[in-house]
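Single-structure report; data block below.
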Amino acid sequence: MAQLPPGIRFITSFSRDQWYRAFIFSLTFLLYASFHLSRKPISIVKGELHKHCAASHEVELNSYKEYAAQIQSVKKPSNVSQCGWEPFDKNNYKQLLGALDYSFLCAYAVGMYLSGLIGERLPIRYYLTVGMLASGLFTAMFGLGYFCNIHNLWFYIMAQIANGLVQTTGWPSVVTCIGNWFGKGRRGLIMGVWNSHTSVGNILGSLIAAYWVSTCWGLSFMVPGVIIAVMGIVCFLFLIEHPKDISCSCTLPSHDREPNIPTEFVVSSKAFLNGASRFRVQMPNLNTKETSKPQDPEMQHLLTDNENSSMALNSSTVVTGEGRHRTAAISFLGALRIPGVIEFSLCLLFAKLVSYTFLFWLPLYITNVEHLDAKRAGDLSTLFDVGGIFGGILAGLISDRLEKRASTCGMMLLLAAPTLYMFSAVSKMGLEATIVMLLISGALVNGPYALITTAVSADLGTHKSLKGNARALSTVTAIIDGTGSVGAALGPLLAGLISPSGWNNVFYMLMMADACALLFLLRLIQKELRCNVDHTL
């Protein structure tokens, strides 16, 4: 018999279950990358909506051609002023652009709390598909303002509000889906790699928006809108919510189990849940005394002293017509009582404040400091997201190795504050220094943000106090990310209000936010360290 080709041997070396997991990993990665791809254009287009034209009066009298060459402008509609696109061509342009950011992020923060509660009661595939199609519509709607010569501020604000609301369908849905397919083993590393979709989406969104920003900024919104809508159709056609939906085996015989598959992937055969097909991840241990302990070390660090009271979080169970157990959805207050949810939520509020301030204002900052046009500033800003990719993976890897989520976040937050101060000082020294600091700042700022929104959310959403009610994962994720989105709304707003007094003051605000994020983690860090000392003794 002839030897199989190397490519076929590679394909057959993986099981059917492994291929499905790889497919879901890649699909959800692309789906949420498209969400961030559609959010990025506004930060790139800001430099085109308002241009620096302090000497515009002299330019008009002397040499308009010289001025046009300086800002690298091209032919625009006749009603576009030399200072940008009305109404953003006024002196209060920073406040107006900040209002656009605030409209989107405020709607996103409010909608996120509702999204988790709604999402766990509906099929993920339908819920996510509708959200992506609607997001594509409202993203493209902003770009229509260019083609229809719309100069009403409220048109753009309403487009941002509507888009912010529908984009809340994305995060709880994809985190719940990825949580269904992957257990707790190496969760930090797996989700650290997976969460790089945020930075990949930002990079692609920046490059796409920057390509058209100087010639036809309306396409900077239209094209991302089409992309996320197309991905919504892909979601409807291919997304599989749970392994049980395709009879994927979740329990591996001990003698056939792959050595690199953690035991946390073993699932109780009795843990069948409702139509959304959530399942319960358990350690294969039948000893009652052992199962009364936390299932993994990082969860043990998070448990409060009066842990027994949290056992009331488990929900009632009913039997469906198919004979499967259906677990009732957890309440909002019940999710808040899970140990660690409040602390990590408040930490994320300030961590996301810093991250989203960079997301929405970094290209404009680079334009002002480095005196680059909107396209080059947008391209350069992608380096911050490149650093974010490595930061998210590094945070996940370290937290898995140390089995300390809070301590890992705290360490990166502690390093981020002085790094931001260095960035504000070094970025004025030249382009090379800016590039280096963008990479370092991106890693330290996005590392804790990525870890909390993925691995920590999944850990808490499958906490042992829930007694297998994995339907709570969507609600817990929405609470943590929703609270973080409050900070995401405040950051760009504060940046718009503070930046007229100088960019240094914006960086001082960001450093204070990092310090506050670290402050809310101190109790959990202390608990982790004390638990580690107890183990060594």
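Residues in the structure tokens are named by chain (A, B, ... in the order shown) and by number from 1 within that chain; ligands are numbered from 1 in the order shown.
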For Glu343 (chain A), find every residue with an atom within 12 Å (counting only C-alpha atoms), except residues of its own chain fewer than 4 positions away, and show them as a ChimeraX atom specification. /A:302,336-339,347-350,406,452,456-457,460,479-480,483-484,516-525
Write out as a ChimeraX atom specification each polymer residue whose atoms come within 8 Å of Ile124 (chain A), counting only C-alpha atoms; drop sequence neighbours fewer than 2 positions from it. /A:119-120,122,126-128,173,177,241,276
Take the residues from that selection and put them in a file with all heavy atoms, as a short mmCIF file (atom, residue, chain, number, x, y, z; two decimals), in the first residue's frame.
data_model
loop_
_atom_site.label_atom_id
_atom_site.label_comp_id
_atom_site.auth_asym_id
_atom_site.auth_seq_id
_atom_site.Cartn_x
_atom_site.Cartn_y
_atom_site.Cartn_z
N GLY A 119 -29.51 37.62 25.18
CA GLY A 119 -28.76 36.63 24.41
C GLY A 119 -28.84 35.23 24.96
O GLY A 119 -28.86 34.26 24.19
N GLU A 120 -28.90 35.07 26.29
CA GLU A 120 -28.94 33.72 26.84
C GLU A 120 -30.34 33.10 26.75
O GLU A 120 -30.51 31.93 27.07
CB GLU A 120 -28.47 33.73 28.30
CG GLU A 120 -29.42 34.39 29.27
CD GLU A 120 -28.88 34.31 30.70
OE1 GLU A 120 -27.67 34.22 30.87
OE2 GLU A 120 -29.71 34.33 31.61
N LEU A 122 -32.10 33.43 23.76
CA LEU A 122 -32.33 33.26 22.32
C LEU A 122 -31.21 32.41 21.72
O LEU A 122 -30.11 32.36 22.26
CB LEU A 122 -32.36 34.62 21.62
CG LEU A 122 -33.48 35.59 22.00
CD1 LEU A 122 -33.27 36.93 21.29
CD2 LEU A 122 -34.83 35.02 21.65
N TYR A 126 -29.00 33.08 15.57
CA TYR A 126 -29.96 34.07 15.07
C TYR A 126 -29.69 35.45 15.67
O TYR A 126 -29.73 36.47 14.99
CB TYR A 126 -31.39 33.63 15.41
CG TYR A 126 -31.80 32.34 14.76
CD1 TYR A 126 -32.46 31.36 15.48
CD2 TYR A 126 -31.52 32.08 13.42
CE1 TYR A 126 -32.84 30.16 14.90
CE2 TYR A 126 -31.90 30.89 12.83
CZ TYR A 126 -32.56 29.93 13.57
OH TYR A 126 -32.92 28.74 12.98
N TYR A 127 -29.41 35.47 16.95
CA TYR A 127 -29.18 36.73 17.65
C TYR A 127 -27.97 37.46 17.08
O TYR A 127 -28.00 38.67 16.82
CB TYR A 127 -28.97 36.44 19.14
CG TYR A 127 -28.87 37.65 20.03
CD1 TYR A 127 -29.89 38.59 20.07
CD2 TYR A 127 -27.76 37.83 20.84
CE1 TYR A 127 -29.80 39.70 20.90
CE2 TYR A 127 -27.66 38.94 21.68
CZ TYR A 127 -28.69 39.87 21.70
OH TYR A 127 -28.60 40.96 22.53
N LEU A 128 -26.89 36.72 16.86
CA LEU A 128 -25.66 37.31 16.34
C LEU A 128 -25.83 37.74 14.89
O LEU A 128 -25.33 38.80 14.48
CB LEU A 128 -24.52 36.30 16.47
CG LEU A 128 -23.10 36.80 16.18
CD1 LEU A 128 -22.75 38.00 17.04
CD2 LEU A 128 -22.09 35.68 16.41
N SER A 173 -22.30 36.84 22.72
CA SER A 173 -22.59 35.69 21.86
C SER A 173 -21.33 34.89 21.55
O SER A 173 -21.32 33.66 21.69
CB SER A 173 -23.24 36.16 20.56
OG SER A 173 -24.46 36.83 20.81
N CYS A 177 -20.25 31.14 22.92
CA CYS A 177 -20.01 30.07 21.96
C CYS A 177 -18.63 29.45 22.16
O CYS A 177 -18.50 28.22 22.20
CB CYS A 177 -20.15 30.62 20.54
SG CYS A 177 -20.04 29.36 19.25
N GLU A 241 -23.44 26.43 17.73
CA GLU A 241 -23.40 26.96 19.09
C GLU A 241 -22.71 26.02 20.07
O GLU A 241 -22.02 26.46 20.99
CB GLU A 241 -24.82 27.25 19.59
CG GLU A 241 -25.55 28.30 18.79
CD GLU A 241 -26.95 28.54 19.31
OE1 GLU A 241 -27.20 28.19 20.49
OE2 GLU A 241 -27.78 29.05 18.56
N ALA A 276 -30.33 26.12 23.91
CA ALA A 276 -29.12 26.86 23.55
C ALA A 276 -27.89 25.97 23.67
O ALA A 276 -26.78 26.35 23.35
CB ALA A 276 -28.95 28.08 24.43
#
Applying 6 Å and only C-alpha atoms, which residues near region 157-171 of chain A remain after dropping the ones on its own chain fewer than 6 positions away? List them as an mmCIF file with N, CA, C and O atoms, in the first residue's frame.
data_model
loop_
_atom_site.group_PDB
_atom_site.id
_atom_site.type_symbol
_atom_site.label_atom_id
_atom_site.label_comp_id
_atom_site.auth_asym_id
_atom_site.auth_seq_id
_atom_site.Cartn_x
_atom_site.Cartn_y
_atom_site.Cartn_z
ATOM 1 N N LEU A 100 -19.552 62.202 19.138
ATOM 2 C CA LEU A 100 -19.769 61.016 18.302
ATOM 3 C C LEU A 100 -19.312 59.751 19.030
ATOM 4 O O LEU A 100 -20.011 58.733 19.038
ATOM 5 N N SER A 103 -21.642 59.025 22.010
ATOM 6 C CA SER A 103 -22.948 58.505 21.585
ATOM 7 C C SER A 103 -22.875 57.002 21.346
ATOM 8 O O SER A 103 -23.731 56.234 21.805
ATOM 9 N N PHE A 104 -21.845 56.589 20.620
ATOM 10 C CA PHE A 104 -21.688 55.157 20.334
ATOM 11 C C PHE A 104 -21.438 54.365 21.613
ATOM 12 O O PHE A 104 -22.095 53.347 21.875
ATOM 13 N N ALA A 107 -24.367 54.198 24.225
ATOM 14 C CA ALA A 107 -25.376 53.243 23.774
ATOM 15 C C ALA A 107 -24.863 51.815 23.923
ATOM 16 O O ALA A 107 -25.612 50.902 24.302
ATOM 17 N N TYR A 108 -23.592 51.615 23.642
ATOM 18 C CA TYR A 108 -22.993 50.289 23.764
ATOM 19 C C TYR A 108 -22.990 49.819 25.217
ATOM 20 O O TYR A 108 -23.300 48.660 25.512
ATOM 21 N N GLY A 111 -26.659 49.123 26.271
ATOM 22 C CA GLY A 111 -27.167 47.945 25.580
ATOM 23 C C GLY A 111 -26.519 46.654 26.017
ATOM 24 O O GLY A 111 -27.144 45.593 25.974
ATOM 25 N N MET A 112 -25.266 46.719 26.477
ATOM 26 C CA MET A 112 -24.553 45.505 26.859
ATOM 27 C C MET A 112 -25.212 44.809 28.043
ATOM 28 O O MET A 112 -25.285 43.571 28.101
ATOM 29 N N SER A 115 -28.090 43.057 26.600
ATOM 30 C CA SER A 115 -27.737 42.072 25.588
ATOM 31 C C SER A 115 -27.475 40.699 26.184
ATOM 32 O O SER A 115 -27.887 39.676 25.628
ATOM 33 N N LEU A 128 -26.886 36.719 16.862
ATOM 34 C CA LEU A 128 -25.663 37.306 16.341
ATOM 35 C C LEU A 128 -25.829 37.737 14.888
ATOM 36 O O LEU A 128 -25.327 38.797 14.478
ATOM 37 N N GLY A 131 -27.775 41.017 14.695
ATOM 38 C CA GLY A 131 -26.935 42.111 15.160
ATOM 39 C C GLY A 131 -25.903 42.535 14.137
ATOM 40 O O GLY A 131 -25.650 43.735 13.950
ATOM 41 N N SER A 135 -25.707 46.088 12.264
ATOM 42 C CA SER A 135 -24.494 46.873 12.434
ATOM 43 C C SER A 135 -23.930 47.306 11.088
ATOM 44 O O SER A 135 -23.453 48.446 10.934
ATOM 45 N N PHE A 138 -26.047 50.351 9.890
ATOM 46 C CA PHE A 138 -25.816 51.635 10.553
ATOM 47 C C PHE A 138 -24.385 52.150 10.344
ATOM 48 O O PHE A 138 -24.158 53.351 10.361
ATOM 49 N N PHE A 142 -23.568 55.983 8.317
ATOM 50 C CA PHE A 142 -22.677 57.106 8.603
ATOM 51 C C PHE A 142 -21.967 57.550 7.327
ATOM 52 O O PHE A 142 -21.831 58.754 7.066
#
Where does DSSP see helix (DSSP H, G or I) in region 161-261 of chain A, if you list the residues as number ranges by chain? A: 161-181, 187-194, 197-212, 219-238, 243-246
Which residues come within 8 Å of Lys51 (chain A), counting only C-alpha atoms, excluding same-chain residues fewer than 3 positions away, as a ChimeraX atom specification? /A:47-48,82-84,89
Restricting the output to C-alpha atoms, write the selected residues as a compact mmCIF listing (two decimals), in the first residue's frame.
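What ended up in result-v3.txt:
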# COMPACT_ATOMS: atom_id res chain seq x y z
CA GLY A 47 -8.42 63.87 10.77
CA GLU A 48 -10.42 64.45 7.59
CA GLN A 82 -10.91 74.09 3.97
CA CYS A 83 -11.18 73.22 7.66
CA GLY A 84 -13.00 69.92 7.03
CA ASP A 89 -14.95 72.41 10.80
Nearby residues (only C-alpha atoms) at most 7 Å from region 360-374 of chain A, same-chain spacing under 6 positions excluded, as a list in words: Ser43, Ile44, Lys46, Gly47, Glu48, Ile71, Ser381, Lys428 and Pro492 of chain A
Saved selection, atoms kept: N, CA, C and O atoms, as a CSV table (one decimal), in the first residue's frame:
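Generated output (again.csv):
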chain,number,residue,atom,x,y,z
A,43,SER,N,-12.3,56.8,14.0
A,43,SER,CA,-11.0,57.4,14.5
A,43,SER,C,-10.1,57.8,13.4
A,43,SER,O,-9.3,58.7,13.5
A,44,ILE,N,-10.2,57.1,12.3
A,44,ILE,CA,-9.3,57.4,11.1
A,44,ILE,C,-9.9,58.7,10.4
A,44,ILE,O,-9.1,59.5,10.0
A,46,LYS,N,-11.5,61.1,11.6
A,46,LYS,CA,-11.5,62.4,12.4
A,46,LYS,C,-10.6,63.4,11.8
A,46,LYS,O,-10.9,64.6,11.7
A,47,GLY,N,-9.4,63.0,11.3
A,47,GLY,CA,-8.4,63.9,10.8
A,47,GLY,C,-8.9,64.5,9.5
A,47,GLY,O,-8.4,65.5,9.1
A,48,GLU,N,-9.9,63.9,8.8
A,48,GLU,CA,-10.4,64.4,7.6
A,48,GLU,C,-11.7,65.3,7.9
A,48,GLU,O,-11.9,66.2,7.1
A,71,ILE,N,-1.4,69.9,3.0
A,71,ILE,CA,-2.3,69.0,3.6
A,71,ILE,C,-2.7,67.8,2.8
A,71,ILE,O,-3.5,66.9,3.1
A,381,SER,N,-1.1,54.2,13.5
A,381,SER,CA,-1.8,53.8,14.8
A,381,SER,C,-2.0,52.3,14.9
A,381,SER,O,-2.3,51.8,16.0
A,428,LYS,N,7.3,62.8,21.2
A,428,LYS,CA,7.6,64.1,20.6
A,428,LYS,C,9.0,64.1,20.1
A,428,LYS,O,9.5,65.2,19.5
A,492,PRO,N,-13.0,58.4,25.8
A,492,PRO,CA,-13.0,59.4,24.6
A,492,PRO,C,-13.6,60.7,24.9
A,492,PRO,O,-13.2,61.7,24.4
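Proximity to Leu27 (chain A) was assessed for A:Met231, A:Tyr93, A:Leu420, A:Val386 counting only C-alpha atoms; the smallest distance is recorded for A:Met231.
In this comparison, which uses only C-alpha atoms, the residue of A:Ala455, A:Ala395, A:Ile246, A:Ala515 approaching Leu414 (chain A) most closely is A:Ala515.
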Closest of A:Asp481, A:Asp17, A:Glu528, A:Asp379 to Ser247 (chain A) - atom-to-atom distances counting only C-alpha atoms: A:Asp17
Name the residues in contact with Gly116 (chain A) at a cut-off of 6 Å, using only C-alpha atoms, excluding same-chain residues fewer than 3 positions from it; report them as a compact mmCIF listing (two decimals) with all heavy atoms, in the first residue's frame.
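That gives us around05.txt:
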# COMPACT_ATOMS: atom_id res chain seq x y z
N GLY A 119 -29.51 37.62 25.18
CA GLY A 119 -28.76 36.63 24.41
C GLY A 119 -28.84 35.23 24.96
O GLY A 119 -28.86 34.26 24.19
N PRO A 172 -21.19 39.04 24.03
CA PRO A 172 -21.74 37.93 24.81
C PRO A 172 -21.95 36.66 23.98
O PRO A 172 -21.78 35.55 24.47
CB PRO A 172 -23.07 38.49 25.34
CG PRO A 172 -22.91 39.96 25.29
CD PRO A 172 -22.05 40.23 24.10
N SER A 474 -23.27 34.08 29.47
CA SER A 474 -23.63 35.25 28.68
C SER A 474 -23.92 36.45 29.55
O SER A 474 -23.50 37.58 29.26
CB SER A 474 -24.85 34.93 27.80
OG SER A 474 -25.22 36.04 27.01
N THR A 475 -24.64 36.23 30.67
CA THR A 475 -24.97 37.34 31.57
C THR A 475 -23.72 37.88 32.26
O THR A 475 -23.53 39.10 32.36
CB THR A 475 -25.99 36.87 32.63
OG1 THR A 475 -27.19 36.45 31.96
CG2 THR A 475 -26.33 38.00 33.59
N ALA A 478 -21.69 39.86 29.85
CA ALA A 478 -22.31 41.15 29.55
C ALA A 478 -22.12 42.13 30.70
O ALA A 478 -21.91 43.33 30.47
CB ALA A 478 -23.80 40.96 29.27
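You can rank A:Thr419, A:Leu380, A:Leu529, A:Leu494 by their closest distance to Leu402 (chain A) using only C-alpha atoms, and at the top of that list sits A:Leu529.
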